[in-house]
Structure formats: structure tokens, C-alpha cells
>>> print(open('work-v3.txt').read())   # compact mmCIF, C-alpha atoms and all ligand atoms
# COMPACT_ATOMS: atom_id res chain seq x y z
CA MET A 15 78.12 8.22 -114.40
CA THR A 16 81.37 8.05 -116.41
CA ALA A 17 83.16 10.69 -114.33
CA GLU A 18 81.87 9.00 -111.17
CA TYR A 19 83.16 5.68 -112.44
CA ILE A 20 86.58 7.18 -113.24
CA LYS A 21 86.75 8.70 -109.73
CA SER A 22 85.84 5.34 -108.17
CA VAL A 23 88.78 3.70 -109.95
CA VAL A 24 91.45 6.13 -108.59
CA LYS A 25 93.36 4.47 -105.74
CA THR A 26 94.45 6.57 -102.75
CA VAL A 27 97.79 5.92 -101.06
CA PRO A 28 98.39 7.67 -97.70
CA ASP A 29 101.83 9.06 -96.81
CA TYR A 30 103.30 8.81 -100.33
CA PRO A 31 105.79 10.20 -101.34
CA LYS A 32 106.03 11.95 -97.94
CA PRO A 33 104.17 11.66 -94.59
CA GLY A 34 100.89 13.60 -94.66
CA ILE A 35 100.36 13.43 -98.45
CA LEU A 36 97.26 11.57 -99.69
CA PHE A 37 98.51 10.38 -103.07
CA ARG A 38 95.81 10.00 -105.75
CA ASP A 39 97.24 7.29 -107.97
CA VAL A 40 96.10 7.63 -111.58
CA THR A 41 97.88 4.42 -112.65
CA SER A 42 94.74 2.53 -111.52
CA VAL A 43 92.80 4.48 -114.19
CA LEU A 44 95.33 3.45 -116.86
CA GLU A 45 94.94 -0.20 -115.86
CA ASP A 46 91.16 -0.06 -116.51
CA HIS A 47 90.41 0.23 -120.25
CA LYS A 48 86.90 1.61 -119.69
CA ALA A 49 88.14 4.31 -117.31
CA PHE A 50 91.20 5.24 -119.43
CA SER A 51 89.32 5.44 -122.73
CA SER A 52 86.48 7.39 -121.05
CA CYS A 53 89.00 9.98 -119.84
CA ILE A 54 90.16 10.54 -123.42
CA SER A 55 86.55 10.66 -124.74
CA LEU A 56 85.52 13.23 -122.10
CA LEU A 57 88.55 15.40 -122.90
CA VAL A 58 87.85 15.18 -126.67
CA GLU A 59 84.20 16.15 -126.02
CA LYS A 60 85.34 19.13 -123.92
CA TYR A 61 88.08 20.46 -126.21
CA GLN A 62 87.31 19.39 -129.82
CA GLY A 63 86.49 22.29 -132.14
CA MET A 64 88.11 24.99 -129.98
CA GLY A 65 90.92 25.66 -132.47
CA PHE A 66 93.85 24.16 -130.56
CA THR A 67 96.94 23.65 -132.71
CA LYS A 68 98.99 21.64 -130.16
CA ILE A 69 98.68 19.73 -126.91
CA ALA A 70 101.44 20.03 -124.32
CA GLY A 71 101.71 17.38 -121.59
CA THR A 72 103.96 17.48 -118.54
CA GLU A 73 106.32 14.66 -117.56
CA ALA A 74 105.50 12.06 -116.67
CA ARG A 75 101.83 11.49 -116.12
CA GLY A 76 100.74 14.30 -118.43
CA PHE A 77 102.23 12.29 -121.33
CA LEU A 78 99.86 9.39 -120.65
CA PHE A 79 96.72 11.46 -121.23
CA GLY A 80 98.04 14.23 -123.50
CA ALA A 81 99.49 11.96 -126.20
CA PRO A 82 96.35 9.84 -126.87
CA LEU A 83 94.23 13.01 -126.74
CA ALA A 84 96.47 14.66 -129.38
CA ILE A 85 95.97 11.65 -131.68
CA GLU A 86 92.19 11.76 -131.19
CA MET A 87 92.10 15.53 -131.82
CA GLY A 88 94.36 15.30 -134.88
CA ILE A 89 97.03 17.72 -133.59
CA GLY A 90 100.66 17.44 -132.45
CA PHE A 91 101.88 16.62 -128.95
CA VAL A 92 104.68 18.58 -127.22
CA PRO A 93 106.37 17.05 -124.15
CA VAL A 94 107.26 19.37 -121.26
CA ARG A 95 110.08 17.48 -119.57
CA LYS A 96 112.13 17.30 -116.37
CA PRO A 97 115.68 18.77 -116.77
CA ASN A 98 118.33 17.44 -119.17
CA LYS A 99 116.04 15.04 -121.06
CA LEU A 100 115.45 17.00 -124.26
CA PRO A 101 118.20 16.96 -126.91
CA ARG A 102 117.55 20.23 -128.78
CA GLU A 103 117.77 23.79 -127.45
CA VAL A 104 115.37 24.33 -124.51
CA VAL A 105 113.88 27.00 -122.26
CA SER A 106 113.65 26.12 -118.52
CA GLU A 107 111.48 27.11 -115.57
CA SER A 108 111.72 26.10 -111.87
CA TYR A 109 108.58 25.73 -109.75
CA GLU A 110 107.20 24.49 -106.42
CA LEU A 111 105.19 21.28 -105.94
CA GLU A 112 102.96 19.97 -103.11
CA TYR A 113 105.99 17.92 -102.05
CA GLY A 114 109.13 19.71 -103.28
CA MET A 115 110.75 21.76 -106.06
CA ASP A 116 111.37 20.85 -109.70
CA THR A 117 112.36 22.28 -113.09
CA LEU A 118 110.63 21.85 -116.44
CA GLU A 119 111.96 22.30 -119.96
CA ILE A 120 110.50 22.52 -123.46
CA HIS A 121 112.17 22.51 -126.88
CA LYS A 122 112.42 26.09 -128.16
CA ASP A 123 111.36 25.11 -131.66
CA ALA A 124 108.37 22.99 -130.56
CA ILE A 125 106.08 26.01 -130.25
CA GLU A 126 105.51 28.53 -133.02
CA PRO A 127 104.29 32.05 -132.32
CA GLY A 128 100.49 31.97 -132.50
CA ASP A 129 100.18 28.28 -131.58
CA LYS A 130 97.03 27.75 -129.49
CA VAL A 131 98.18 25.22 -126.91
CA LEU A 132 96.03 23.02 -124.66
CA LEU A 133 97.84 21.89 -121.50
CA ILE A 134 97.06 18.39 -120.22
CA ASP A 135 98.10 16.69 -116.98
CA ASP A 136 96.76 13.86 -114.85
CA LEU A 137 96.25 15.97 -111.74
CA LEU A 138 95.93 19.58 -110.56
CA ALA A 139 97.21 20.25 -107.02
CA THR A 140 98.90 23.63 -106.35
CA GLY A 141 98.96 24.50 -110.05
CA GLY A 142 102.76 25.01 -109.98
CA THR A 143 103.43 22.50 -112.76
CA ILE A 144 100.89 23.96 -115.16
CA ALA A 145 101.84 27.56 -114.30
CA ALA A 146 105.49 26.76 -115.14
CA SER A 147 104.48 24.94 -118.34
CA ALA A 148 102.30 27.87 -119.42
CA LYS A 149 105.13 30.32 -118.72
CA LEU A 150 107.47 28.31 -120.96
CA ILE A 151 104.95 28.11 -123.81
CA ARG A 152 104.07 31.81 -123.54
CA SER A 153 107.78 32.74 -123.56
CA LEU A 154 107.94 31.08 -127.00
CA GLY A 155 104.93 33.01 -128.30
CA GLY A 156 102.29 30.30 -127.80
CA GLU A 157 98.82 31.08 -126.41
CA VAL A 158 97.70 29.13 -123.33
CA ASN A 159 94.24 29.68 -121.84
CA HIS A 160 93.03 26.14 -121.07
CA ALA A 161 94.28 23.20 -119.01
CA GLY A 162 92.58 19.82 -118.68
CA PHE A 163 93.05 17.21 -115.93
CA VAL A 164 91.68 13.86 -114.86
CA ILE A 165 91.81 14.82 -111.15
CA ASN A 166 91.58 18.14 -109.29
CA LEU A 167 92.50 18.57 -105.60
CA PRO A 168 90.58 21.84 -104.95
CA ASP A 169 91.90 22.23 -101.38
CA LEU A 170 95.37 22.94 -102.83
CA GLY A 171 94.16 26.01 -104.76
CA GLY A 172 95.42 25.16 -108.25
CA GLU A 173 92.27 26.24 -110.07
CA LYS A 174 92.38 29.71 -108.43
CA LYS A 175 96.11 30.11 -109.11
CA LEU A 176 95.60 29.22 -112.78
CA SER A 177 92.62 31.57 -113.16
CA THR A 178 94.86 34.48 -112.04
CA LEU A 179 97.10 33.51 -114.98
CA ASP A 180 94.13 33.53 -117.38
CA ILE A 181 94.03 29.74 -117.60
CA GLU A 182 90.65 28.02 -117.35
CA SER A 183 90.78 24.54 -115.77
CA TYR A 184 88.58 21.54 -116.45
CA SER A 185 88.83 18.32 -114.42
CA ILE A 186 86.99 15.06 -114.85
CA CYS A 187 86.77 14.47 -111.08
CA GLU A 188 87.68 16.10 -107.77
CA PHE A 189 88.81 14.92 -104.34
CA GLU A 190 87.84 17.57 -101.79
CA GLY A 191 88.29 17.68 -98.01
CA GLU A 192 89.47 14.09 -97.78
O1 LIG B 1 99.61 21.15 -109.36
P1 LIG B 1 100.96 20.75 -108.84
O2 LIG B 1 101.13 21.09 -107.37
O3 LIG B 1 102.06 21.28 -109.66
O4 LIG B 1 101.03 19.18 -108.85
C1 LIG B 1 100.61 18.37 -109.89
C2 LIG B 1 101.75 17.66 -110.56
O5 LIG B 1 102.38 16.75 -109.65
C3 LIG B 1 102.45 15.46 -110.24
O6 LIG B 1 103.62 15.25 -110.97
P2 LIG B 1 105.06 15.01 -110.34
O7 LIG B 1 105.79 16.31 -110.31
O8 LIG B 1 104.91 14.28 -109.04
O9 LIG B 1 105.80 14.17 -111.44
P3 LIG B 1 105.57 12.74 -112.16
O10 LIG B 1 104.35 12.90 -113.06
O11 LIG B 1 106.84 12.61 -112.95
O12 LIG B 1 105.38 11.69 -111.11
C4 LIG B 1 101.27 15.42 -111.18
O13 LIG B 1 101.40 14.44 -112.19
C5 LIG B 1 101.24 16.81 -111.73
O14 LIG B 1 102.11 16.97 -112.83
N1 LIG B 2 98.24 14.35 -103.74
C1 LIG B 2 98.74 14.03 -104.94
N2 LIG B 2 98.47 12.84 -105.51
C2 LIG B 2 98.98 12.52 -106.73
N3 LIG B 2 99.77 13.34 -107.44
C3 LIG B 2 100.06 14.54 -106.90
N4 LIG B 2 100.79 15.58 -107.37
C4 LIG B 2 100.78 16.55 -106.45
N5 LIG B 2 100.03 16.20 -105.39
C5 LIG B 2 99.58 14.95 -105.65
>>> encode(input="work-v3.txt", output="C-alpha cells")
Amino acid sequence: MTAEYIKSVVKTVPDYPKPGILFRDVTSVLEDHKAFSSCISLLVEKYQGMGFTKIAGTEARGFLFGAPLAIEMGIGFVPVRKPNKLPREVVSESYELEYGMDTLEIHKDAIEPGDKVLLIDDLLATGGTIAASAKLIRSLGGEVNHAGFVINLPDLGGEKKLSTLDIESYSICEFEGE
């Protein structure tokens, strides 16, 4: 019921940001306290007790779910940001999106070798964002084997791409064949 309710709250915007894209707008979930807090509770239920030492969330929408989850789970939050936003020394990785190319960066000293990092984002599409984030964290010696999302778009193949990288995905809801 909760996951169904969360899915019912997501608004769909056709042809944004480009013609042909069906944009699943998670801001409608943030606007609804019951839906937003249920997302965090479901993610806590899924991931509590698995030994994670940090949560990493990807700019921008990954911050909105990753940061409150980190507080609930009692661990630190590491932002993975778009280029030239982080002030300390960074590592960078470019990647492809459903609707373009982008680059992500993480502070070099934000991950310690042996950190067990949970990746969080609002939505899984092609998996490019999470694959790039995982590559950055792994290059710093962190372990990444799990990624959690509010929404999965299975037609775009993200879950399969991530499983080839040894990353298990969990999503609260899916939009398939729509
Ligand atoms: O699985 P993928 O194909 O990589 O796509 C998913 C990513 O795309 C969206 O972010 P976007 O890059 O649009 O940035 P934003 O959160 O700053 O709007 C979304 O929030 C995910 O991070
Ligand atoms: N269809 C989509 N809706 C919302 N965010 C996205 N990120 C990548 N594809 C998306």
C-alpha cells in the first residue's frame, strides 16, 4: 500500500526536458509529507543493519533522499556533485544520461579505504549516474554493492547495467512500458 501510494503521487510530465522523454517528477513526492517520510522509512527498513558506513547521494535529487536517510541510519552523507562545485581536491567521471552527457565529482578525502557505501538517488534510468558514482567511490577504495531509488524505469536497463557492475538495486516503485 505505501509503495503504491508513493507511486500514485509521482507526477508525469511528457516531453521534458526533451521531446519524447516522459519525465517522472519526484518533487510531487517531496511535497507530500506522508509520501516523503514513507520513502525514508522504506529505505531505512531495507538497509538498516547491513553495515554501511556512509551514504552517497548524487546531485541534485539524490541529496533529497540520501541526506535524511543518512540521519535516520546514523551515518555520514557524501555528496556526489556536478563539476566545479566542490572546494577540496576531487576525482571526476563523465557519463551518459537518458537525455545527454554529464560529469560527476567527489571529494577525494570523503571516502576512506574500506568504507561500505550505500548509493542513493531518486530515480534509476540507464544507470549511468550510479555507475559513474560507484566508479568514483571505488577509485578511492570504498566498497559499493547496493543502490537504492524511489523510482525505477526498467525499460531503460539500469538495473541490468548495475548488476554487471556488482551493484544490487532496490526501488520503491517502477514505471514500466508507459
Ligand atoms: O540512470 P540515469 O540514466 O543515469 O538517470 C538517472 C539520473 O537522472 C536524473 O538526474 P539529472 O542528471 O537529470 O540531474 P538533477 O538531479 O540535477 O536534475 C536523476 O535524478 C538521476 O540522478
Ligand atoms: N524519465 C526521467 N524522469 C525523471 N528523471 C529522469 N532521469 C533520467 N530519466 C528520467
>>> closest_atom_pairs(input="work-v3.txt", of="chain A", to="ligand LIG 2 (chain B)", cutoff="7 Å", atoms="only C-alpha atoms and all ligand atoms", output="tab-separated table")
residue	atom	partner	partner_atom	distance
A:Ile35	CA	B:LIG2	N1	5.8
A:Leu36	CA	B:LIG2	N1	5.0
A:Phe37	CA	B:LIG2	N2	3.5
A:Arg38	CA	B:LIG2	N2	3.9
A:Asp39	CA	B:LIG2	C2	5.6
A:Leu111	CA	B:LIG2	C4	6.5
A:Glu112	CA	B:LIG2	C4	5.3
A:Tyr113	CA	B:LIG2	C4	7.0
A:Leu137	CA	B:LIG2	N3	6.1
A:Ala139	CA	B:LIG2	C4	5.2
>>> residues_near_ligand(input="work-v3.txt", ligand="ligand LIG 1 (chain B)", cutoff="10 Å", atoms="only C-alpha atoms and all ligand atoms", output="VMD selection string")
chain A and resid 31 37 to 40 71 to 78 95 to 96 109 to 118 134 to 147 163 165 to 167 170 to 173 175 to 176
>>> write_last_selection(input="work-v3.txt", atoms="C-alpha atoms", output="PDB file, keeping the file's coordinate frame")
ATOM      1  CA  PRO A  31     105.790  10.200-101.340  1.00  0.00           C
ATOM      2  CA  PHE A  37      98.510  10.380-103.070  1.00  0.00           C
ATOM      3  CA  ARG A  38      95.810  10.000-105.750  1.00  0.00           C
ATOM      4  CA  ASP A  39      97.240   7.290-107.970  1.00  0.00           C
ATOM      5  CA  VAL A  40      96.100   7.630-111.580  1.00  0.00           C
ATOM      6  CA  GLY A  71     101.710  17.380-121.590  1.00  0.00           C
ATOM      7  CA  THR A  72     103.960  17.480-118.540  1.00  0.00           C
ATOM      8  CA  GLU A  73     106.320  14.660-117.560  1.00  0.00           C
ATOM      9  CA  ALA A  74     105.500  12.060-116.670  1.00  0.00           C
ATOM     10  CA  ARG A  75     101.830  11.490-116.120  1.00  0.00           C
ATOM     11  CA  GLY A  76     100.740  14.300-118.430  1.00  0.00           C
ATOM     12  CA  PHE A  77     102.230  12.290-121.330  1.00  0.00           C
ATOM     13  CA  LEU A  78      99.860   9.390-120.650  1.00  0.00           C
ATOM     14  CA  ARG A  95     110.080  17.480-119.570  1.00  0.00           C
ATOM     15  CA  LYS A  96     112.130  17.300-116.370  1.00  0.00           C
ATOM     16  CA  TYR A 109     108.580  25.730-109.750  1.00  0.00           C
ATOM     17  CA  GLU A 110     107.200  24.490-106.420  1.00  0.00           C
ATOM     18  CA  LEU A 111     105.190  21.280-105.940  1.00  0.00           C
ATOM     19  CA  GLU A 112     102.960  19.970-103.110  1.00  0.00           C
ATOM     20  CA  TYR A 113     105.990  17.920-102.050  1.00  0.00           C
ATOM     21  CA  GLY A 114     109.130  19.710-103.280  1.00  0.00           C
ATOM     22  CA  MET A 115     110.750  21.760-106.060  1.00  0.00           C
ATOM     23  CA  ASP A 116     111.370  20.850-109.700  1.00  0.00           C
ATOM     24  CA  THR A 117     112.360  22.280-113.090  1.00  0.00           C
ATOM     25  CA  LEU A 118     110.630  21.850-116.440  1.00  0.00           C
ATOM     26  CA  ILE A 134      97.060  18.390-120.220  1.00  0.00           C
ATOM     27  CA  ASP A 135      98.100  16.690-116.980  1.00  0.00           C
ATOM     28  CA  ASP A 136      96.760  13.860-114.850  1.00  0.00           C
ATOM     29  CA  LEU A 137      96.250  15.970-111.740  1.00  0.00           C
ATOM     30  CA  LEU A 138      95.930  19.580-110.560  1.00  0.00           C
ATOM     31  CA  ALA A 139      97.210  20.250-107.020  1.00  0.00           C
ATOM     32  CA  THR A 140      98.900  23.630-106.350  1.00  0.00           C
ATOM     33  CA  GLY A 141      98.960  24.500-110.050  1.00  0.00           C
ATOM     34  CA  GLY A 142     102.760  25.010-109.980  1.00  0.00           C
ATOM     35  CA  THR A 143     103.430  22.500-112.760  1.00  0.00           C
ATOM     36  CA  ILE A 144     100.890  23.960-115.160  1.00  0.00           C
ATOM     37  CA  ALA A 145     101.840  27.560-114.300  1.00  0.00           C
ATOM     38  CA  ALA A 146     105.490  26.760-115.140  1.00  0.00           C
ATOM     39  CA  SER A 147     104.480  24.940-118.340  1.00  0.00           C
ATOM     40  CA  PHE A 163      93.050  17.210-115.930  1.00  0.00           C
ATOM     41  CA  ILE A 165      91.810  14.820-111.150  1.00  0.00           C
ATOM     42  CA  ASN A 166      91.580  18.140-109.290  1.00  0.00           C
ATOM     43  CA  LEU A 167      92.500  18.570-105.600  1.00  0.00           C
ATOM     44  CA  LEU A 170      95.370  22.940-102.830  1.00  0.00           C
ATOM     45  CA  GLY A 171      94.160  26.010-104.760  1.00  0.00           C
ATOM     46  CA  GLY A 172      95.420  25.160-108.250  1.00  0.00           C
ATOM     47  CA  GLU A 173      92.270  26.240-110.070  1.00  0.00           C
ATOM     48  CA  LYS A 175      96.110  30.110-109.110  1.00  0.00           C
ATOM     49  CA  LEU A 176      95.600  29.220-112.780  1.00  0.00           C
TER      50      LEU A 176
END
>>> closest_residue(input="work-v3.txt", among="A:Ala81, A:Ile69, A:Ile186, A:Val92", to="Val158 (chain A)", atoms="all atoms listed in the file")
A:Ile69
>>> closest_residue(input="work-v3.txt", among="A:Phe66, A:Tyr184, A:Tyr30, A:Phe79", to="Ala49 (chain A)", atoms="all atoms listed in the file")
A:Phe79
>>> axis_aligned_box(input="work-v3.txt", around="region 112-117 of chain A", padding_each_side="3 Å", output="lines of an AutoDock Vina configuration file")
center_x = 107.7
center_y = 20.1
center_z = -107.6
size_x = 15.4
size_y = 10.4
size_z = 17.0
